[in-house]
Structure formats: structure tokens, C-alpha cells
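Take a look at the structure below.
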Amino acid sequence: MVSQEQRRRQLAREKFLRQQQRRTAARRKSRTRNSVIASVLGVVVIGSVALYTTGVMKNDKKDDKANASADVTPSASATSKAPDPCEKPAKGSVKKLSWKKEPAMTIDTSAKYTMKLATTCGDIDVALKAAAAPHTANSFDFLAGKGFFDHTKCHRLTTNGIYVLQCGDPTGTGTGGPGYTIPDENLKDKSLKGNVYPAGTVAMANTGQKHTGGSQFFLVYQDSQLPPNYTPFGTVSEAGMKVLKKIAAAGENTGAGDGAPNATVVINKATVTKS
């Protein structure tokens, strides 16, 4: 029969052996885990090196090429303006013309008139409403005949709330005009419903006061909510609408929805013809 002291020593020895076994097993498990981690890290490092040699170096070459040509063609970025879809303006300069009073009425209000804007972005044909807006149509016939609009830049594009391209200012600042003003006309045109100027409308810009139209006008490329305070005097052709939408798609330069168009929109020549 084992004494109490012998039993105590036996139990202590067995406990020690169990502790040793657990420690040995833990060390073996740790070595196995470390081997697996090392293998995984090895794969990651190799994969990274492969990506670096095949991808990053390729991009570096592209960057080097871009840097080498940066002085010639700036690279596009998130803040860059859209590419210019239009051609270079024709040679020539804006004429500095001004008159003290509205020209005498010379158009035939029973005839049909078409205004052609030959722009750097394409031709925009406008059917004038000579009978409904005779003063306006007559003024455009007069100004076009004098070359007033030739080489002028369309200075404003709106892309938020209202959707128009504004032109007709020889100074390109939004403050220019022919020196005279014409009366508001055709403000009850049947096309203006619910204070909406439909796409394709050509209307006069003004100062916000009555009868202050001059030479500036706007072309609506998408239905726009506006009070009926701007003389609607023409309608853009289907082909002209495609040109307008191309200009609009290039955006404006502020990013806020109202600024100069990114497209270089210059009226090379404006003509009004009777048919």
C-alpha cells in the first residue's frame, strides 16, 4: 500500500509530466503556425514583386512620357475642363460698331427669314418669327448685314436650372450691345406654356427691365423654367440642336452651372436670308 507521501509525490510527478507535454505540444503548434505564416508572406512578397515589375513600372513609363510632354499637352485630371469639341475660330476680329437708335424697319413681315450662325462648333440655323417679333427680326437682319456678330464669342453657358447658350455680345463680357435697345415682343407666344421656354427657342436677353433688349440673345438647348419676360423670336433647326447639345455636353468653366462654355463657341459669320 502506497504511503500518503509517496502518493503526493506521484501526483506531483504526473502533473509535471502533463505540463511538459502541453508545453511541447504548444511549441510544435507554434512552429507549424509560423511556418504557414512565413509561406503566406513569401507568396505575398513574390506577388507584390510581380505586380511591381509588370504594373507599376509600366505606369512609371507612362508617367515619364506624360511628364516629358507636359509642356505641350497638359494631362487630364478630375478638375480639368472637358475637351473642346469645336474648331479654331476663323481669322478676323470683332467690329466695334454702335448706333444711337434702332434701325428703320426694312423687313417684310409676311415673308420667312432664316438666320444662320456659322460657328466654330457647327452651323446653327434659326427660323425667325418676323411677323410675331418684327422689331427683333429687323434688328438682327440689320446687325448681321453690318457684320456685327462676326467673330464674336458666345460668352455664357448655363447647365443648372436653366439650359441656355448666350451669345451676341461683341465684348464677350455680357455687358456689350449695339448702342440701342428694342421693345419686348411676342411674350404671349403659344410655345411658352407654364413659364417654360422649350428647347429650340431663341430669345432676347435683357437687363431685367422692360424693353432693354439689344444684341444679346440666348438659345435654349433643354426646356427651361423662365418667366415670359424675354422676347422669343426664333426656333433652332434640328441640326442646330445637335450643335447646341454638343456645346452643352462640354460644360462650363466654373463647375457651378453658370459660366463661360468650355467649348470655344465663336460665331465666324452671321447671315439673315429671306425666303
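How things are named: the first chain in the C-alpha cells is A, the next is B, and so on; residues count from 1 in each chain; ligands count from 1 in the order shown.
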
Exercise for the section: Pull the strand (DSSP E) assignments for segment 80-257 of chain A out of DSSP run on the backbone, and list those residues as a PyMOL selection string. Expected result: chain A and resi 113-119+122-128+152-153+156-158+164-167+196-197+201-204+217-220+224-225+232-236

Practice task
With a distance cut-off of 9 Å and only C-alpha atoms, select the neighbouring residues of Gly177 of chain A, excluding the residue or stretch itself and same-chain residues fewer than 2 positions from it, and output the selection as a PyMOL selection string.
Solution key: chain A and resi 98+168-171+174-175+179-181+213-216

Can you spit out the residues from that selection as a CSV table (one decimal), in the first residue's frame, using N, CA and C atoms?
```csv
chain,number,residue,atom,x,y,z
A,98,SER,N,-21.5,100.8,-83.3
A,98,SER,CA,-22.5,101.2,-82.3
A,98,SER,C,-23.4,102.3,-83.0
A,168,GLY,N,-24.0,87.0,-78.8
A,168,GLY,CA,-24.4,88.4,-79.3
A,168,GLY,C,-23.8,89.5,-78.6
A,169,ASP,N,-22.8,89.3,-77.7
A,169,ASP,CA,-22.1,90.4,-77.1
A,169,ASP,C,-20.7,90.6,-77.8
A,170,PRO,N,-20.5,91.8,-78.4
A,170,PRO,CA,-19.2,91.9,-79.1
A,170,PRO,C,-18.0,92.0,-78.1
A,171,THR,N,-18.3,92.4,-76.9
A,171,THR,CA,-17.2,92.5,-75.9
A,171,THR,C,-16.9,91.1,-75.2
A,174,GLY,N,-20.7,90.1,-71.5
A,174,GLY,CA,-22.1,90.1,-71.0
A,174,GLY,C,-22.7,91.5,-70.8
A,175,THR,N,-21.9,92.5,-71.1
A,175,THR,CA,-22.3,93.9,-70.9
A,175,THR,C,-22.4,94.7,-72.3
A,179,GLY,N,-25.7,99.6,-78.9
A,179,GLY,CA,-25.9,101.1,-78.6
A,179,GLY,C,-27.3,101.5,-78.5
A,180,TYR,N,-28.2,100.7,-79.0
A,180,TYR,CA,-29.7,101.0,-79.0
A,180,TYR,C,-30.4,99.8,-78.3
A,181,THR,N,-31.6,100.0,-78.0
A,181,THR,CA,-32.5,98.9,-77.4
A,181,THR,C,-33.7,98.8,-78.3
A,213,GLY,N,-33.8,95.0,-74.5
A,213,GLY,CA,-33.1,94.1,-75.4
A,213,GLY,C,-32.1,94.9,-76.3
A,214,GLY,N,-31.0,94.3,-76.7
A,214,GLY,CA,-30.1,94.9,-77.6
A,214,GLY,C,-29.6,93.9,-78.7
A,215,SER,N,-28.5,93.3,-78.5
A,215,SER,CA,-28.0,92.3,-79.4
A,215,SER,C,-27.8,91.0,-78.8
A,216,GLN,N,-27.8,90.9,-77.5
A,216,GLN,CA,-27.5,89.6,-76.8
A,216,GLN,C,-28.8,88.7,-76.9
```

Problem - Among listed residues A:Lys96, A:Lys242, A:Lys274, A:Arg23, nearest Asp150 of chain A (using only C-alpha atoms) - result: A:Lys96

With the cut-off set at 12 Å and counting only C-alpha atoms, tabulate each residue of segment 179-229 of chain A with an atom at most that distance from an atom of segment 111-128 of chain A, showing the nearest atom pair and its distance in Å to one decimal, ordered by chain and increasing number, as a Markdown table.
```
| residue | atom | partner | partner_atom | distance |
| --- | --- | --- | --- | --- |
| A:Gly200 | CA | A:Val126 | CA | 8.9 |
| A:Thr201 | CA | A:Val126 | CA | 9.1 |
| A:Val202 | CA | A:Val126 | CA | 7.8 |
| A:Ala203 | CA | A:Leu128 | CA | 10.4 |
| A:Phe218 | CA | A:Val126 | CA | 11.8 |
| A:Leu219 | CA | A:Val126 | CA | 9.6 |
| A:Val220 | CA | A:Val126 | CA | 11.8 |
| A:Tyr221 | CA | A:Ile124 | CA | 11.8 |
```

Problem - Non-local contacts of Thr159 of chain A (10 Å; only C-alpha atoms; under 6 positions in same chain excluded) as a list in words - result: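 Here the qualifying residues turn out to be Leu165, Tyr221, Gln222, Ala248, Ala249, Gly251, Glu252, Gly255, Ala256, Gly257, Asp258, Gly259 and Pro261 of chain A.
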
Serialized selection, N, CA and C atoms, as a PDB file, in the first residue's frame:
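For reference, result-v2.pdb as written:
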```pdb
ATOM      1  N   LEU A 165     -27.446  78.771 -74.049  1.00  0.00           N
ATOM      2  CA  LEU A 165     -26.177  79.310 -74.526  1.00  0.00           C
ATOM      3  C   LEU A 165     -26.444  80.754 -74.907  1.00  0.00           C
ATOM      4  N   TYR A 221     -31.264  74.898 -75.135  1.00  0.00           N
ATOM      5  CA  TYR A 221     -30.986  73.540 -75.607  1.00  0.00           C
ATOM      6  C   TYR A 221     -31.740  72.473 -74.822  1.00  0.00           C
ATOM      7  N   GLN A 222     -32.424  72.900 -73.744  1.00  0.00           N
ATOM      8  CA  GLN A 222     -33.258  71.986 -72.957  1.00  0.00           C
ATOM      9  C   GLN A 222     -34.339  72.837 -72.280  1.00  0.00           C
ATOM     10  N   ALA A 248     -23.163  72.060 -75.055  1.00  0.00           N
ATOM     11  CA  ALA A 248     -23.603  71.891 -73.667  1.00  0.00           C
ATOM     12  C   ALA A 248     -22.901  70.717 -72.997  1.00  0.00           C
ATOM     13  N   ALA A 249     -22.682  69.655 -73.755  1.00  0.00           N
ATOM     14  CA  ALA A 249     -22.046  68.453 -73.195  1.00  0.00           C
ATOM     15  C   ALA A 249     -20.624  68.726 -72.719  1.00  0.00           C
ATOM     16  N   GLY A 251     -19.754  71.335 -71.130  1.00  0.00           N
ATOM     17  CA  GLY A 251     -19.847  72.001 -69.839  1.00  0.00           C
ATOM     18  C   GLY A 251     -19.358  73.444 -69.841  1.00  0.00           C
ATOM     19  N   GLU A 252     -19.375  74.011 -68.615  1.00  0.00           N
ATOM     20  CA  GLU A 252     -18.912  75.397 -68.460  1.00  0.00           C
ATOM     21  C   GLU A 252     -17.758  75.437 -67.461  1.00  0.00           C
ATOM     22  N   GLY A 255     -17.986  75.045 -63.007  1.00  0.00           N
ATOM     23  CA  GLY A 255     -18.446  73.856 -62.289  1.00  0.00           C
ATOM     24  C   GLY A 255     -19.692  74.130 -61.468  1.00  0.00           C
ATOM     25  N   ALA A 256     -20.149  75.382 -61.467  1.00  0.00           N
ATOM     26  CA  ALA A 256     -21.322  75.763 -60.675  1.00  0.00           C
ATOM     27  C   ALA A 256     -22.587  75.825 -61.514  1.00  0.00           C
ATOM     28  N   GLY A 257     -22.454  75.611 -62.826  1.00  0.00           N
ATOM     29  CA  GLY A 257     -23.630  75.605 -63.683  1.00  0.00           C
ATOM     30  C   GLY A 257     -23.895  76.891 -64.417  1.00  0.00           C
ATOM     31  N   ASP A 258     -23.003  77.875 -64.296  1.00  0.00           N
ATOM     32  CA  ASP A 258     -23.199  79.151 -64.983  1.00  0.00           C
ATOM     33  C   ASP A 258     -21.840  79.808 -65.196  1.00  0.00           C
ATOM     34  N   GLY A 259     -21.352  79.751 -66.424  1.00  0.00           N
ATOM     35  CA  GLY A 259     -20.041  80.336 -66.706  1.00  0.00           C
ATOM     36  C   GLY A 259     -19.773  80.350 -68.197  1.00  0.00           C
ATOM     37  N   PRO A 261     -18.601  78.800 -71.633  1.00  0.00           N
ATOM     38  CA  PRO A 261     -18.574  77.413 -72.119  1.00  0.00           C
ATOM     39  C   PRO A 261     -17.147  76.914 -72.283  1.00  0.00           C
TER      40      PRO A 261
END
```

Exercise for the section: Find, counting only C-alpha atoms, the residue in A:Gly194, A:Gly172, A:Gly147, A:Pro134 that gets nearest to Met105 of chain A. Expected result: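 For Met105 of chain A, the nearest of the given residues is A:Pro134.
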